[in-house]
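K.L.:
Please find one structure pasted underneath; my questions will follow.
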Amino acid sequence: MAGNGFNIRAVQDGFAGEVTGIDICKPLTRDIVNAIERGMDQYAVLTFPDQPLTDEEQVAFTANFGELEITLAGQMAKPEERRFQQLELGDISNFNGADTTRLRARDDKRRMYALANRLWHSDASFRPIGAGYTLLHSRIVPSKGADTQFADMRAAYDALSAAEKQEVEGLICEHSIVFSREQIGFGEYNPGFEEHLKPVPHRLVFTHPKTGRKSLYLSSHIGGIVGWPVPEARAFLRDLMEHATQPQFVYSHKWQVNEMVIWDNRTVMHRATRFDDLKEVRDLRRTSLKGTGLEVRLPAMAAE
């Protein structure tokens with residue numbers, strides 16, 4: 001039993017649910033944590049309205065579910081450029097760093113980097129072990145736009161034909177933050193982080209370690225398929241991405257202030273939608289967990 005009042009209401013046919021009846025600003029019982037995890041296994045996206053979390057409470061809530069990741073953007077930024085010195089806390093805003101009286105300029109390098117969040121992606125798939133859950137909490141929401149869209153990669157896999165499932169089953173894709181940023185023309189990185197930019201391998205078909213359900217592990221961070229010529233790989237991946245983001249697989253979330261949204265990057269892609277970020281404020285905080293079941297060992301690649 002999760003406890004009296006706990007409830008998950010489906011907001012889109014087995015994909016995305018709204019959680020009510022709990023206060024995640026306070027320490028949770030193991031029963032509640034288990035109930036949330038079961039909800040994530042079922043829905044892959046959960047929303048928690050009316051949760052006025054502090055930064056410390058968000059980090060504590062996240063830690064219920066596993067080991068927190070350090071954000072790559074935070075790692076690569078100079079200390080004076082960071083809004084938060086706690087590297088597990090991601091600044092998803094358009095403020096000019098620690099200066100919350102100004103918004104980032106149109107040509108600000110941090111703004112250019114973040115624009116790639118409008119591409120469909122899975123968080124941290126450019127790391128040897130990508131993200132598991134991402135948790136995003138809203139503090140300031142623009143008057144229009146700035147929705148987050150989610151694409152169900154389980155349903156997208158299920159909709160493939162038998163021949164298509166057989167074709168994608170054994171494929172290994174190469175992920176790098178460079179691949180996604182080059183699509184929007186961004187290529188400026190602080191020196192000293194070259195290891196973080198190298199491609200890493202991930203299976204194109206992911207099997208959930210708890211449910212056994214298969215899904216596509218797609219992302220704009222993919223730049224190639226092991227053993228394929230790059231042009232052929234990218235054309236194939238473009239077709240697959242178009243299939244996986246058809247309207248029947250997508251849930252578009254309209255943010256409210258003090259709302260927490262959790263999603264599982266292993267089974268869901270997401271993207272931000274456009275808003276007038278030169279005039280309006282959008283301020284969210286992100287925490288994320290290291291994924292499980294994503295490790296890939298390629299002896300042939302290691303020997304090269």
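Ligands are numbered from 1 in the order shown, chains are lettered A, B, ... in the order of the structure tokens, and residues start at 1 in each chain.
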Within 6 Å of Phe95 of chain A, counting only C-alpha atoms, which residues show up once you throw out same-chain ones fewer than 3 positions away? Write them as a PyMOL selection string, please.

P.N.:
chain A and resi 100+103-104

K.L.:
Give me a file of those residues, with C-alpha atoms, as a compact mmCIF listing (two decimals), in the first residue's frame.

P.N.:
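Resulting contents of again.txt:
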```txt
# COMPACT_ATOMS: atom_id res chain seq x y z
CA THR A 100 18.77 37.00 -12.45
CA LEU A 103 18.24 37.46 -19.66
CA ARG A 104 20.81 35.89 -21.95
```

K.L.:
Among segment 219-265 of chain A, which residues carry a DSSP assignment of helix (DSSP H, G or I), reported as a list in words?

P.N.:
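Taking segment 219-265 of chain A and keeping helix (DSSP H, G or I) gives Val230, Pro231, Glu232, Ala233, Arg234, Ala235, Phe236, Leu237, Arg238, Asp239, Leu240, Met241, Glu242, His243, Ala244, Pro247, Gln248 and Phe249 of chain A.
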
K.L.:
Mind checking which residues fall within 12 Å of Asp108 of chain A, counting only C-alpha atoms, ignoring those fewer than 5 positions away in the same chain, and posting them as a PDB file with N, CA and C atoms, in the first residue's frame?

P.N.:
```pdb
ATOM      1  N   GLU A  81      30.489  31.230 -14.471  1.00  0.00           N
ATOM      2  CA  GLU A  81      29.359  31.169 -15.389  1.00  0.00           C
ATOM      3  C   GLU A  81      28.180  30.386 -14.807  1.00  0.00           C
ATOM      4  N   ASN A  94      16.724  30.913 -18.730  1.00  0.00           N
ATOM      5  CA  ASN A  94      17.365  31.831 -19.679  1.00  0.00           C
ATOM      6  C   ASN A  94      17.938  33.043 -18.966  1.00  0.00           C
ATOM      7  N   PHE A  95      18.174  32.906 -17.657  1.00  0.00           N
ATOM      8  CA  PHE A  95      18.862  33.966 -16.925  1.00  0.00           C
ATOM      9  C   PHE A  95      20.323  34.037 -17.356  1.00  0.00           C
ATOM     10  N   ASN A  96      20.912  35.203 -17.178  1.00  0.00           N
ATOM     11  CA  ASN A  96      22.317  35.410 -17.507  1.00  0.00           C
ATOM     12  C   ASN A  96      23.188  34.902 -16.359  1.00  0.00           C
ATOM     13  N   GLY A  97      23.251  33.577 -16.233  1.00  0.00           N
ATOM     14  CA  GLY A  97      24.024  32.979 -15.157  1.00  0.00           C
ATOM     15  C   GLY A  97      23.441  33.327 -13.799  1.00  0.00           C
ATOM     16  N   LEU A 103      18.380  38.674 -18.874  1.00  0.00           N
ATOM     17  CA  LEU A 103      18.244  37.461 -19.661  1.00  0.00           C
ATOM     18  C   LEU A 103      19.443  37.317 -20.591  1.00  0.00           C
ATOM     19  N   TYR A 113      23.981  26.876 -27.014  1.00  0.00           N
ATOM     20  CA  TYR A 113      24.105  25.476 -26.602  1.00  0.00           C
ATOM     21  C   TYR A 113      22.735  24.905 -26.236  1.00  0.00           C
ATOM     22  N   ALA A 114      21.958  25.683 -25.485  1.00  0.00           N
ATOM     23  CA  ALA A 114      20.665  25.201 -24.987  1.00  0.00           C
ATOM     24  C   ALA A 114      19.608  25.117 -26.079  1.00  0.00           C
ATOM     25  N   LEU A 115      19.771  25.819 -27.196  1.00  0.00           N
ATOM     26  CA  LEU A 115      18.775  25.756 -28.262  1.00  0.00           C
ATOM     27  C   LEU A 115      18.613  24.340 -28.812  1.00  0.00           C
ATOM     28  N   PHE A 186      26.211  24.751 -33.699  1.00  0.00           N
ATOM     29  CA  PHE A 186      26.995  25.103 -32.513  1.00  0.00           C
ATOM     30  C   PHE A 186      28.227  24.216 -32.435  1.00  0.00           C
ATOM     31  N   GLU A 188      31.205  25.483 -30.163  1.00  0.00           N
ATOM     32  CA  GLU A 188      32.143  26.128 -29.233  1.00  0.00           C
ATOM     33  C   GLU A 188      32.084  25.439 -27.872  1.00  0.00           C
ATOM     34  N   ASP A 277      12.286  33.718 -25.520  1.00  0.00           N
ATOM     35  CA  ASP A 277      13.261  33.684 -24.428  1.00  0.00           C
ATOM     36  C   ASP A 277      14.109  34.950 -24.334  1.00  0.00           C
ATOM     37  N   LEU A 278      13.947  35.864 -25.265  1.00  0.00           N
ATOM     38  CA  LEU A 278      14.661  37.145 -25.168  1.00  0.00           C
ATOM     39  C   LEU A 278      13.868  38.172 -24.355  1.00  0.00           C
TER      40      LEU A 278
END
```

K.L.:
Just the residues within 10 Å of Gly90 of chain A, please, counting only C-alpha atoms, with nothing from its chain fewer than 2 positions along; format it as a PyMOL selection string.

P.N.:
chain A and resi 69-74+82-88+92-93+136+284-288

K.L.:
For the residues in the current selection, export N, CA and C atoms as a compact mmCIF listing (two decimals), in the first residue's frame.

P.N.:
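That gives us result02.txt:
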```
# COMPACT_ATOMS: atom_id res chain seq x y z
N GLU A 69 23.22 12.31 -11.19
CA GLU A 69 24.24 12.65 -12.17
C GLU A 69 24.73 14.08 -11.96
N ILE A 70 25.96 14.32 -12.38
CA ILE A 70 26.47 15.69 -12.49
C ILE A 70 26.23 16.14 -13.93
N THR A 71 25.69 17.33 -14.11
CA THR A 71 25.35 17.79 -15.45
C THR A 71 26.61 18.11 -16.26
N LEU A 72 26.61 17.76 -17.55
CA LEU A 72 27.75 18.04 -18.41
C LEU A 72 27.91 19.54 -18.61
N ALA A 73 26.79 20.26 -18.78
CA ALA A 73 26.88 21.71 -18.97
C ALA A 73 27.52 22.36 -17.74
N GLY A 74 27.15 21.88 -16.55
CA GLY A 74 27.75 22.40 -15.33
C GLY A 74 29.22 22.09 -15.24
N ARG A 82 28.43 29.63 -13.73
CA ARG A 82 27.40 28.76 -13.17
C ARG A 82 26.46 29.54 -12.27
N ARG A 83 25.19 29.24 -12.38
CA ARG A 83 24.21 29.80 -11.46
C ARG A 83 24.18 29.01 -10.16
N PHE A 84 24.35 27.70 -10.27
CA PHE A 84 24.36 26.81 -9.10
C PHE A 84 25.72 26.12 -9.03
N GLN A 85 26.35 26.18 -7.87
CA GLN A 85 27.63 25.52 -7.71
C GLN A 85 27.47 24.03 -7.41
N GLN A 86 26.27 23.61 -6.98
CA GLN A 86 26.00 22.19 -6.80
C GLN A 86 25.77 21.58 -8.17
N LEU A 87 26.73 20.78 -8.64
CA LEU A 87 26.74 20.34 -10.03
C LEU A 87 25.64 19.34 -10.35
N GLU A 88 25.00 18.76 -9.33
CA GLU A 88 23.87 17.86 -9.59
C GLU A 88 22.60 18.63 -9.95
N ILE A 92 17.95 25.19 -15.82
CA ILE A 92 17.19 25.21 -17.07
C ILE A 92 16.42 26.53 -17.09
N SER A 93 17.16 27.58 -17.37
CA SER A 93 16.56 28.92 -17.41
C SER A 93 17.25 29.72 -18.50
N LEU A 136 12.33 17.48 -13.51
CA LEU A 136 12.34 18.90 -13.85
C LEU A 136 11.25 19.60 -13.07
N LEU A 284 13.48 26.69 -14.61
CA LEU A 284 13.25 25.34 -14.10
C LEU A 284 14.56 24.79 -13.56
N ARG A 285 14.48 23.82 -12.66
CA ARG A 285 15.66 23.15 -12.10
C ARG A 285 15.59 21.68 -12.47
N ARG A 286 16.75 21.15 -12.90
CA ARG A 286 16.78 19.75 -13.34
C ARG A 286 17.72 18.93 -12.47
N THR A 287 17.27 17.75 -12.09
CA THR A 287 18.13 16.73 -11.52
C THR A 287 17.91 15.46 -12.34
N SER A 288 18.90 14.59 -12.34
CA SER A 288 18.73 13.35 -13.10
C SER A 288 19.54 12.23 -12.46
```

K.L.:
Would you list the contacts of Asn117 of chain A as a PyMOL selection string, taking every protein, DNA or RNA residue within 8 Å and counting only C-alpha atoms, but skipping same-chain residues closer than 3 positions in sequence?

P.N.:
chain A and resi 114+120-121+271-272

K.L.:
For each of A:His202, A:His243, A:Lys26, A:His137, take the minimum atom-to-atom distance to Asp158 of chain A, counting only C-alpha atoms, then give the residue where this is smallest.

P.N.:
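Using only C-alpha atoms, the shortest distance to Asp158 of chain A belongs to A:His243.
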
K.L.:
Residues near Lys290 of chain A, anyone? I mean within 8 Å using only C-alpha atoms, not counting same-chain ones fewer than 4 positions away, as a compact mmCIF listing (two decimals) with N, CA and C atoms, in the first residue's frame.

P.N.:
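Contents of out.txt, freshly written:
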```
# COMPACT_ATOMS: atom_id res chain seq x y z
N GLY A 66 17.85 6.79 -6.79
CA GLY A 66 19.14 6.32 -7.28
C GLY A 66 20.23 7.37 -7.15
N GLU A 67 21.31 7.15 -7.89
CA GLU A 67 22.49 8.01 -7.83
C GLU A 67 22.33 9.20 -8.77
N LEU A 68 22.51 10.40 -8.24
CA LEU A 68 22.36 11.61 -9.05
C LEU A 68 23.53 11.77 -10.00
N GLU A 69 23.22 12.31 -11.19
CA GLU A 69 24.24 12.65 -12.17
C GLU A 69 24.73 14.08 -11.96
N ILE A 129 27.04 5.66 -19.85
CA ILE A 129 25.77 5.27 -19.22
C ILE A 129 24.88 6.50 -19.23
N GLY A 130 23.82 6.47 -20.03
CA GLY A 130 22.93 7.63 -20.13
C GLY A 130 22.09 7.81 -18.88
N ALA A 131 21.24 8.82 -18.90
CA ALA A 131 20.41 9.11 -17.74
C ALA A 131 19.27 8.11 -17.62
N GLY A 132 18.87 7.84 -16.37
CA GLY A 132 17.65 7.11 -16.10
C GLY A 132 16.51 8.10 -16.02
N TYR A 133 16.05 8.41 -14.82
CA TYR A 133 15.02 9.43 -14.66
C TYR A 133 15.63 10.83 -14.80
```

K.L.:
Can you list, as a VMD selection string, every protein, DNA or RNA residue that comes within 9 Å of Arg181 of chain A when you count only C-alpha atoms, leaving out same-chain residues fewer than 2 positions away?

P.N.:
chain A and resid 112 to 116 177 to 179 183 to 187 220 to 221

K.L.:
Write out as JSON lines a residue-level contact list of segment 232-252 of chain A versus segment 15-23 of chain A with cut-off 12 Å: for each qualifying residue the closest pair of atoms and the distance in Å to one decimal, counting only C-alpha atoms, rows sorted by chain and residue number upward.

P.N.:
```
{"residue": "A:Gln248", "atom": "CA", "partner": "A:Phe15", "partner_atom": "CA", "distance": 10.6}
{"residue": "A:Phe249", "atom": "CA", "partner": "A:Phe15", "partner_atom": "CA", "distance": 8.6}
{"residue": "A:Val250", "atom": "CA", "partner": "A:Phe15", "partner_atom": "CA", "distance": 8.8}
{"residue": "A:Tyr251", "atom": "CA", "partner": "A:Ala16", "partner_atom": "CA", "distance": 7.5}
{"residue": "A:Ser252", "atom": "CA", "partner": "A:Ala16", "partner_atom": "CA", "distance": 9.9}
```

K.L.:
I need the residues from that last selection saved to file as a PDB file, in the first residue's frame (with C-alpha atoms), if you can.

P.N.:
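Listed below is the output, again_33.pdb:
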```pdb
ATOM      1  CA  GLN A 248      -0.009   9.230 -31.766  1.00  0.00           C
ATOM      2  CA  PHE A 249       3.214   8.653 -29.800  1.00  0.00           C
ATOM      3  CA  VAL A 250       3.578  12.204 -28.417  1.00  0.00           C
ATOM      4  CA  TYR A 251       2.338  13.875 -25.220  1.00  0.00           C
ATOM      5  CA  SER A 252       2.743  17.673 -24.989  1.00  0.00           C
TER       6      SER A 252
END
```

K.L.:
I need the residues of segment 217-303 of chain A that end up classed as strand (DSSP E or B) by DSSP on the backbone, written out as a ChimeraX atom specification.

P.N.:
/A:222-225,250-253,260-264,268-272,283-290

K.L.:
For Thr62 of chain A, which residue among A:Leu240, A:His253, A:Arg30, A:Leu289 is the nearest when counting only C-alpha atoms?

P.N.:
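Smallest distance to Thr62 of chain A is found for A:Leu289.
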
K.L.:
Have a look at A:Leu204, A:Met260, A:Arg154, A:Pro191 and name the one nearest to Phe61 of chain A; count only C-alpha atoms.

P.N.:
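Checking each of A:Leu204, A:Met260, A:Arg154, A:Pro191 against Phe61 of chain A, counting only C-alpha atoms, the winner is A:Met260.
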
K.L.:
Closest to Phe48 of chain A among A:Ile24, A:Ile172, A:Ala105, A:Ala233, using only C-alpha atoms?

P.N.:
A:Ile24

K.L.:
Using Å and a single decimal, report how far atom CA of Gly145 of chain A sits from atom CA of Val261 of chain A.

P.N.:
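Computing it gives 16.9 Å between the two atoms.
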
K.L.:
For atom CA of Asp147 of chain A and atom CA of Thr273 of chain A, quote the distance in Å rounded to one decimal.

P.N.:
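Going from atom CA of Asp147 of chain A over to atom CA of Thr273 of chain A, I get 5.4 Å.
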